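> Below is the structure I would like to discuss, written out as structure tokens.
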Amino acid sequence: WEHFLSCDGSPDPTVLQEINTFMSLWREDQNEDVQLVMEKGEQVLNLIEKLQFLLLDAPPHEITEKEMVQYQQSILELQNLLHQKYNEATEHLLKTANMYEDSETGNMQAVLKDKNVTFCIWANLKKKVRFKNHVFCDAQHGFDLPKSLAVSNVAVRILHTRYDHVSPLWLQCQSVPNLEVLDSRELTQHSKDNVEEPEEEEKKAREEPNMPAEEEMCSDGRKSIIISFKENSNSTADTNEAEEEIEKKSEILDIPSQVQDPQMQGKTAEKGEELTDENIVDLRQFVPVGGVYHIDALQLPPQVKQAKGWSMVEVLDAGLEAYTYPPEEAEGATHPPIQITLRLSDSVMYFEDPMIARWDPAGEQWRTDGISNTRYERQERSVTFEMGAFYTVALLQDAHLNMPYQGWELRPTGSDEARLTVTTVFATVQMQIKGNLCMLSSVVVEEKDVLSHLTGKWLSPVDLRALLKKAGMNIFPGEYSHKYVCVNKKAPLAEVRAYQQMALLAPAFAFAWSKWNVEAGQEQVVIKVSEHLKADSVKDWSLYMFNGQKAQKLKITETSEAFSEELEEDSEFHSTLFHMLKDFASKEAIDKVERASFLFIDVVYQLLLATRVLTYS
């Protein structure tokens with residue numbers, strides 16, 4: 001419906017005929033101007049984002065496996081077509097390189113950029129050794145070539161895309177909440193670490209996003225990895241049978257794959273392919289931040305010649321050709337490395353020195369070999385390194401730098417409004433929730449506001465999560481995060497139902513981290529709770545313990561010397577936090593909870609589930 005109302009001429013990416021027509025028409029379009037490719041590229045990126053959003057956000061019962069495979073195939077084809085168009089535009093520009101000679105060096109250099117791409121090109125027209133290095137002033141990227149290249153018919157392109165169309169597609173889809181319906185008996189077994197045989201299929205299903213189900217060669221030589229989401233349909237069928245069997249015995253609870261028992265997840269990971277080569281980057285631990293840098297040496301094509309008002313150019317059948325360095329015929333000889341300097345984007349955060357890796361098209365993986373002498377200048381926000389050949393590179397950061405959290409707080413700020421604050425070792429992140437949307441309020445690092453260009457934008461929880469991860473501010477555990485972070489393991493039953501209850505009560509109650517949550521054991525969670533009806537009211541914190549089926553108010557306080565499960569005087573057990581708090585809350589608070597929008601409650605629940613504050617703090 002939103003697509004229909006936009007009336008902007010864009011195809012509906014979910015309709016195969018429309019997206020195929022769009023791609024076919026652009027392939028046939030002979031206009032190869034770089035600026036036009038950038039403008040069209042923004043439209044392509046919007047189409048890709050729409051498809052990725054559907055894959056991330058659509059419930060399993062609303063999207064078929066066939067549609068999932070179709071969407072992923074469309075994403076890969078759009079990605080490859082976009083890169084192909086940049087190659088064609090590069091060739092077209094290089095044919096007229098002599099028309100853009102630099103007055104000082106006689107060589108050609110150009111920088112074109114928009115919010116998605118920085119396109120830097122240099123052509124060696126004069127072939128003089130003293131001009132073997134160059135810095136693109138508008139982008140602050142630079143290189144220093146070996147002497148053999150400085151006298152060769154070569155061009156150098158640094159194409160910085162702020163998106164990642166190189167890494168496997170599952171990397172963008174690994175955070176999808178893959179909801180599985182499990183009965184309370186099964187959840188209790190999870191919490192006791194008793195992994196039974198019927199769960200083997202579920203463990204295999206959670207592996208599948210990391211394993212290609214179909215492979216097809218793309219135009220750039222890399223395999224297109226199509227993710228199988230078959231487990232969604234299988235789990236739906238299984239749960240229908242389970243519901244019929246236990247309908248009268250127990251209630252049904254949605255448990256996302258992220259909150260399955262960590263020990264169970266560990267066994268799932270062990271069954272997957274383990275990395276034996278230390279040079280291969282583990283994408284479950286490290287993720288590209290700041291986009292991808294395509295650094296290419298290219299054969300300088302024949303130049304345009306002017307004669308009697310005519311422009312003549314020799315057309316080569318091969319199109320844009322890479323310049324091979326080091327030469328293949330001299331494998332035994334040593335060749336000097338290429339030095340590269342990259343100016344890092346101000347729109348992303350690097351909390352530690354980033355890892356530089358190169359893309360290996362044959363192995364479909366990021367690797368750290370072939371790159372040496374790395375220097376990271378934090379103040380200048382630049383990195384310098386040497387490469388044995390020309391590679392596509394990325395700067396990677398540990399995905400779990402900000403985990404475990406040092407604290408968190410959820411508090412209401414108005415009618416159907418709340419603020420979730422997560423405090424990490426490096427930063428304090430505040431997210432505002434209003435109605436069915438959320439936004440980034442602030443990110444404070446060393447008492448300074450950062451990522452201000454991302455604040456103030458109302459988004460869905462899925463889009464907000466993607467935006468923060470892309471900016472290097474990852475506070476969203478993935479399926480394998482427990483392998484890389486010391487987690488405060490909790491039973492899925494207690495954790496998920498606690499998030500549900502907290503979301504339900506968020507319109508009138510504040511919740512926060514408690515140091516006793518660690519001491520409470522795996523079967524139950526401990527949180528601080530306070531009625532909070534006015535923004536300036538002083539919080540009177542009380543401690544509550546909940547195991548998913550029983551809630552109780554504790555006698556101890558946050559400053560007590562030891563943990564105790566002793567009940568607060570004049571209190572009793574209840575089955576939920578909602579009924580527990582009704583014993584102590586004001587009528588105004590309960591009325592506010594009962595009037596709350598279900599859309600607001602759902603967004604709060606999604607953010608709590610995405611951050612998993614009870615386990616990762």
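Letters for chains follow the order of the structure tokens (A, B, ...), residue numbers begin at 1 for each chain, and ligand numbers begin at 1 in the order shown.
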Please identify every residue of range 465-536 of chain A that has at least one atom no farther than 7 Å from an atom of range 410-426 of chain A, counting only C-alpha atoms, and for each give the shortest atom pair and the distance in Å to one decimal, arranged by chain then increasing number, as CSV.


```
residue,atom,partner,partner_atom,distance
A:Ala506,CA,A:Pro412,CA,6.2
A:Pro507,CA,A:Pro412,CA,5.5
A:Ala508,CA,A:Pro412,CA,6.1
A:Phe509,CA,A:Arg411,CA,6.5
A:Ala510,CA,A:Arg411,CA,4.1
A:Phe511,CA,A:Leu410,CA,5.1
A:Ala512,CA,A:Leu410,CA,6.2
A:His532,CA,A:Pro412,CA,6.8
A:Ala535,CA,A:Thr413,CA,5.7
```

> Leaving out range 90-97 of chain A and any residue of its chain fewer than 2 positions from it, which residues lie within 7 Å of it when counting only C-alpha atoms, given as a PDB file with N, CA, C and O atoms, in the first residue's frame?


```pdb
ATOM      1  N   GLU A  32      26.435   5.702 -19.484  1.00  0.00           N
ATOM      2  CA  GLU A  32      27.432   5.168 -18.552  1.00  0.00           C
ATOM      3  C   GLU A  32      28.086   6.260 -17.711  1.00  0.00           C
ATOM      4  O   GLU A  32      29.222   6.113 -17.259  1.00  0.00           O
ATOM      5  N   TYR A  86      28.913   0.233 -12.212  1.00  0.00           N
ATOM      6  CA  TYR A  86      30.064   1.044 -11.807  1.00  0.00           C
ATOM      7  C   TYR A  86      31.287   0.701 -12.635  1.00  0.00           C
ATOM      8  O   TYR A  86      32.095   1.583 -12.973  1.00  0.00           O
ATOM      9  N   ASN A  87      31.455  -0.572 -12.979  1.00  0.00           N
ATOM     10  CA  ASN A  87      32.576  -0.968 -13.845  1.00  0.00           C
ATOM     11  C   ASN A  87      32.427  -0.367 -15.240  1.00  0.00           C
ATOM     12  O   ASN A  87      33.398   0.114 -15.842  1.00  0.00           O
ATOM     13  N   GLU A  88      31.203  -0.392 -15.793  1.00  0.00           N
ATOM     14  CA  GLU A  88      30.975   0.185 -17.115  1.00  0.00           C
ATOM     15  C   GLU A  88      31.209   1.691 -17.096  1.00  0.00           C
ATOM     16  O   GLU A  88      31.792   2.256 -18.036  1.00  0.00           O
ATOM     17  N   MET A  99      41.111  13.973 -21.240  1.00  0.00           N
ATOM     18  CA  MET A  99      40.351  15.226 -21.200  1.00  0.00           C
ATOM     19  C   MET A  99      40.298  15.814 -19.790  1.00  0.00           C
ATOM     20  O   MET A  99      39.821  16.919 -19.592  1.00  0.00           O
ATOM     21  N   TYR A 100      40.769  15.033 -18.806  1.00  0.00           N
ATOM     22  CA  TYR A 100      40.726  15.466 -17.406  1.00  0.00           C
ATOM     23  C   TYR A 100      42.128  15.515 -16.793  1.00  0.00           C
ATOM     24  O   TYR A 100      42.326  15.213 -15.634  1.00  0.00           O
ATOM     25  N   GLU A 101      43.121  15.902 -17.597  1.00  0.00           N
ATOM     26  CA  GLU A 101      44.503  15.947 -17.121  1.00  0.00           C
ATOM     27  C   GLU A 101      44.657  16.972 -16.010  1.00  0.00           C
ATOM     28  O   GLU A 101      44.119  18.081 -16.080  1.00  0.00           O
ATOM     29  N   MET A 108      45.413  11.986 -14.853  1.00  0.00           N
ATOM     30  CA  MET A 108      43.986  12.228 -14.632  1.00  0.00           C
ATOM     31  C   MET A 108      43.608  11.790 -13.226  1.00  0.00           C
ATOM     32  O   MET A 108      44.048  10.738 -12.757  1.00  0.00           O
ATOM     33  N   ALA A 123      44.402   8.016 -13.351  1.00  0.00           N
ATOM     34  CA  ALA A 123      44.948   7.381 -14.560  1.00  0.00           C
ATOM     35  C   ALA A 123      46.370   7.859 -14.789  1.00  0.00           C
ATOM     36  O   ALA A 123      46.647   9.075 -14.761  1.00  0.00           O
ATOM     37  N   LEU A 300      44.607   0.795 -18.633  1.00  0.00           N
ATOM     38  CA  LEU A 300      44.144   2.051 -19.198  1.00  0.00           C
ATOM     39  C   LEU A 300      43.694   1.806 -20.637  1.00  0.00           C
ATOM     40  O   LEU A 300      44.495   1.386 -21.485  1.00  0.00           O
ATOM     41  N   PRO A 301      42.417   1.999 -20.946  1.00  0.00           N
ATOM     42  CA  PRO A 301      41.930   1.707 -22.307  1.00  0.00           C
ATOM     43  C   PRO A 301      42.420   2.749 -23.306  1.00  0.00           C
ATOM     44  O   PRO A 301      42.915   3.821 -22.929  1.00  0.00           O
ATOM     45  N   PRO A 302      42.287   2.457 -24.606  1.00  0.00           N
ATOM     46  CA  PRO A 302      42.667   3.455 -25.635  1.00  0.00           C
ATOM     47  C   PRO A 302      41.898   4.750 -25.428  1.00  0.00           C
ATOM     48  O   PRO A 302      40.709   4.732 -25.114  1.00  0.00           O
ATOM     49  N   GLN A 303      42.603   5.868 -25.625  1.00  0.00           N
ATOM     50  CA  GLN A 303      42.001   7.165 -25.337  1.00  0.00           C
ATOM     51  C   GLN A 303      41.247   7.728 -26.543  1.00  0.00           C
ATOM     52  O   GLN A 303      41.515   7.384 -27.704  1.00  0.00           O
ATOM     53  N   VAL A 304      40.282   8.587 -26.239  1.00  0.00           N
ATOM     54  CA  VAL A 304      39.520   9.266 -27.282  1.00  0.00           C
ATOM     55  C   VAL A 304      40.431  10.241 -28.033  1.00  0.00           C
ATOM     56  O   VAL A 304      41.226  10.962 -27.418  1.00  0.00           O
ATOM     57  N   LEU A 320      36.257  -3.487 -19.476  1.00  0.00           N
ATOM     58  CA  LEU A 320      37.186  -3.051 -18.439  1.00  0.00           C
ATOM     59  C   LEU A 320      38.049  -4.233 -17.986  1.00  0.00           C
ATOM     60  O   LEU A 320      37.539  -5.271 -17.579  1.00  0.00           O
TER      61      LEU A 320
END
```

> At a cut-off of 6 Å, using only C-alpha atoms, what residues contact range 538-554 of chain A? Leave out same-chain residues fewer than 3 positions from it and give the result as a ChimeraX atom specification.

/A:493-494,497,523-530,566-568,573-577

> Looking at A:Ile19, A:Ala399, A:Ile340, A:Ala297, which one is nearest to Lys470 in chain A, with distances taken over only C-alpha atoms?

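For Lys470 in chain A, the nearest of the given residues is A:Ala399.
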
> Within 12 Å of range 43-49 of chain A, counting only C-alpha atoms, which residues show up once you throw out same-chain ones fewer than 3 positions away? Write them as a PyMOL selection string, please.

chain A and resi 3+8-15+18-19+22-23+26+36-40+52-57+71-83+85+115-117+161-165+169+172-173+462-463+466-467

> Tell me, in Å to one decimal, how far CA of Gly370 in chain A is from CA of Thr334 in chain A.

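These atoms are spaced 13.4 Å apart.
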
> Taking into account only C-alpha atoms, which residue in the set A:Lys50, A:Arg358, A:Arg157, A:His482 is nearest to Arg612 in chain A?

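Of A:Lys50, A:Arg358, A:Arg157, A:His482, the one nearest Arg612 in chain A, counting only C-alpha atoms, is A:His482.
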
> Could you pull out the helix (DSSP H, G or I) residues of range 478-515 of chain A from DSSP and send them as an mmCIF file with C-alpha atoms, in the first residue's frame?


```cif
data_model
loop_
_atom_site.group_PDB
_atom_site.id
_atom_site.type_symbol
_atom_site.label_atom_id
_atom_site.label_comp_id
_atom_site.auth_asym_id
_atom_site.auth_seq_id
_atom_site.Cartn_x
_atom_site.Cartn_y
_atom_site.Cartn_z
ATOM 1 C CA SER A 481 27.190 -14.272 20.690
ATOM 2 C CA HIS A 482 27.234 -16.455 23.791
ATOM 3 C CA LYS A 483 30.421 -18.081 22.442
ATOM 4 C CA PRO A 492 14.375 -19.133 28.093
ATOM 5 C CA LEU A 493 11.087 -19.416 29.960
ATOM 6 C CA ALA A 494 12.125 -16.862 32.580
ATOM 7 C CA GLU A 495 13.875 -14.496 30.189
ATOM 8 C CA VAL A 496 11.246 -14.244 27.454
ATOM 9 C CA ARG A 497 8.271 -14.006 29.791
ATOM 10 C CA ALA A 498 10.100 -11.346 31.786
ATOM 11 C CA TYR A 499 10.483 -9.267 28.610
ATOM 12 C CA GLN A 500 6.786 -9.755 27.856
ATOM 13 C CA GLN A 501 5.768 -8.646 31.332
ATOM 14 C CA MET A 502 8.146 -5.683 31.322
ATOM 15 C CA ALA A 503 6.754 -4.527 27.968
ATOM 16 C CA LEU A 504 3.204 -4.882 29.255
ATOM 17 C CA LEU A 505 3.995 -2.772 32.329
ATOM 18 C CA LYS A 515 23.389 -6.761 40.615
#
```

> Taking only C-alpha atoms into account, which of A:Thr615, A:Ser167, A:Gln285, A:Thr559 comes nearest Trp366 in chain A?

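The shortest atom-to-atom distance to Trp366 in chain A comes from A:Ser167.
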
> For Val156 in chain A, find every residue with an atom within 6 Å (counting only C-alpha atoms), except residues of its own chain fewer than 5 positions away, and show them as a list in words.

Ile121, Trp122, Asp296 and Ala297 of chain A

> Quick one: distance from CA of Ala110 in chain A to CA of Ala150 in chain A in Å, one decimal?

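Between these atoms lies a distance of 18.0 Å.
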
> Which polymer residues have any atom within 7 Å of an atom of Ile356 in chain A, counting only C-alpha atoms, with same-chain residues fewer than 5 positions away left out, as an MDAnalysis selection string?

chainID A and resid 368 393:396

> Just want the 6 Å neighbourhood of Ser441 in chain A, counted on only C-alpha atoms, with same-chain residues fewer than 4 positions away dropped. Output as a PyMOL selection string.

chain A and resi 430-432+455

> Those residues with N, CA, C and O atoms, as a PDB file, in the first residue's frame please?


```pdb
ATOM      1  N   GLN A 430      20.849   5.657  24.250  1.00  0.00           N
ATOM      2  CA  GLN A 430      19.459   5.908  24.634  1.00  0.00           C
ATOM      3  C   GLN A 430      18.562   5.781  23.404  1.00  0.00           C
ATOM      4  O   GLN A 430      18.826   6.410  22.371  1.00  0.00           O
ATOM      5  N   MET A 431      17.498   4.981  23.547  1.00  0.00           N
ATOM      6  CA  MET A 431      16.531   4.783  22.473  1.00  0.00           C
ATOM      7  C   MET A 431      15.153   5.191  22.957  1.00  0.00           C
ATOM      8  O   MET A 431      14.713   4.724  24.014  1.00  0.00           O
ATOM      9  N   GLN A 432      14.504   6.058  22.208  1.00  0.00           N
ATOM     10  CA  GLN A 432      13.170   6.527  22.554  1.00  0.00           C
ATOM     11  C   GLN A 432      12.129   5.685  21.830  1.00  0.00           C
ATOM     12  O   GLN A 432      12.288   5.348  20.661  1.00  0.00           O
ATOM     13  N   THR A 455      20.443  10.338  15.010  1.00  0.00           N
ATOM     14  CA  THR A 455      19.443  10.588  16.045  1.00  0.00           C
ATOM     15  C   THR A 455      18.228  11.321  15.459  1.00  0.00           C
ATOM     16  O   THR A 455      18.316  12.007  14.430  1.00  0.00           O
TER      17      THR A 455
END
```

> Any idea what the distance is between CA of Leu609 in chain A and CA of Asp583 in chain A?

26.8 Å
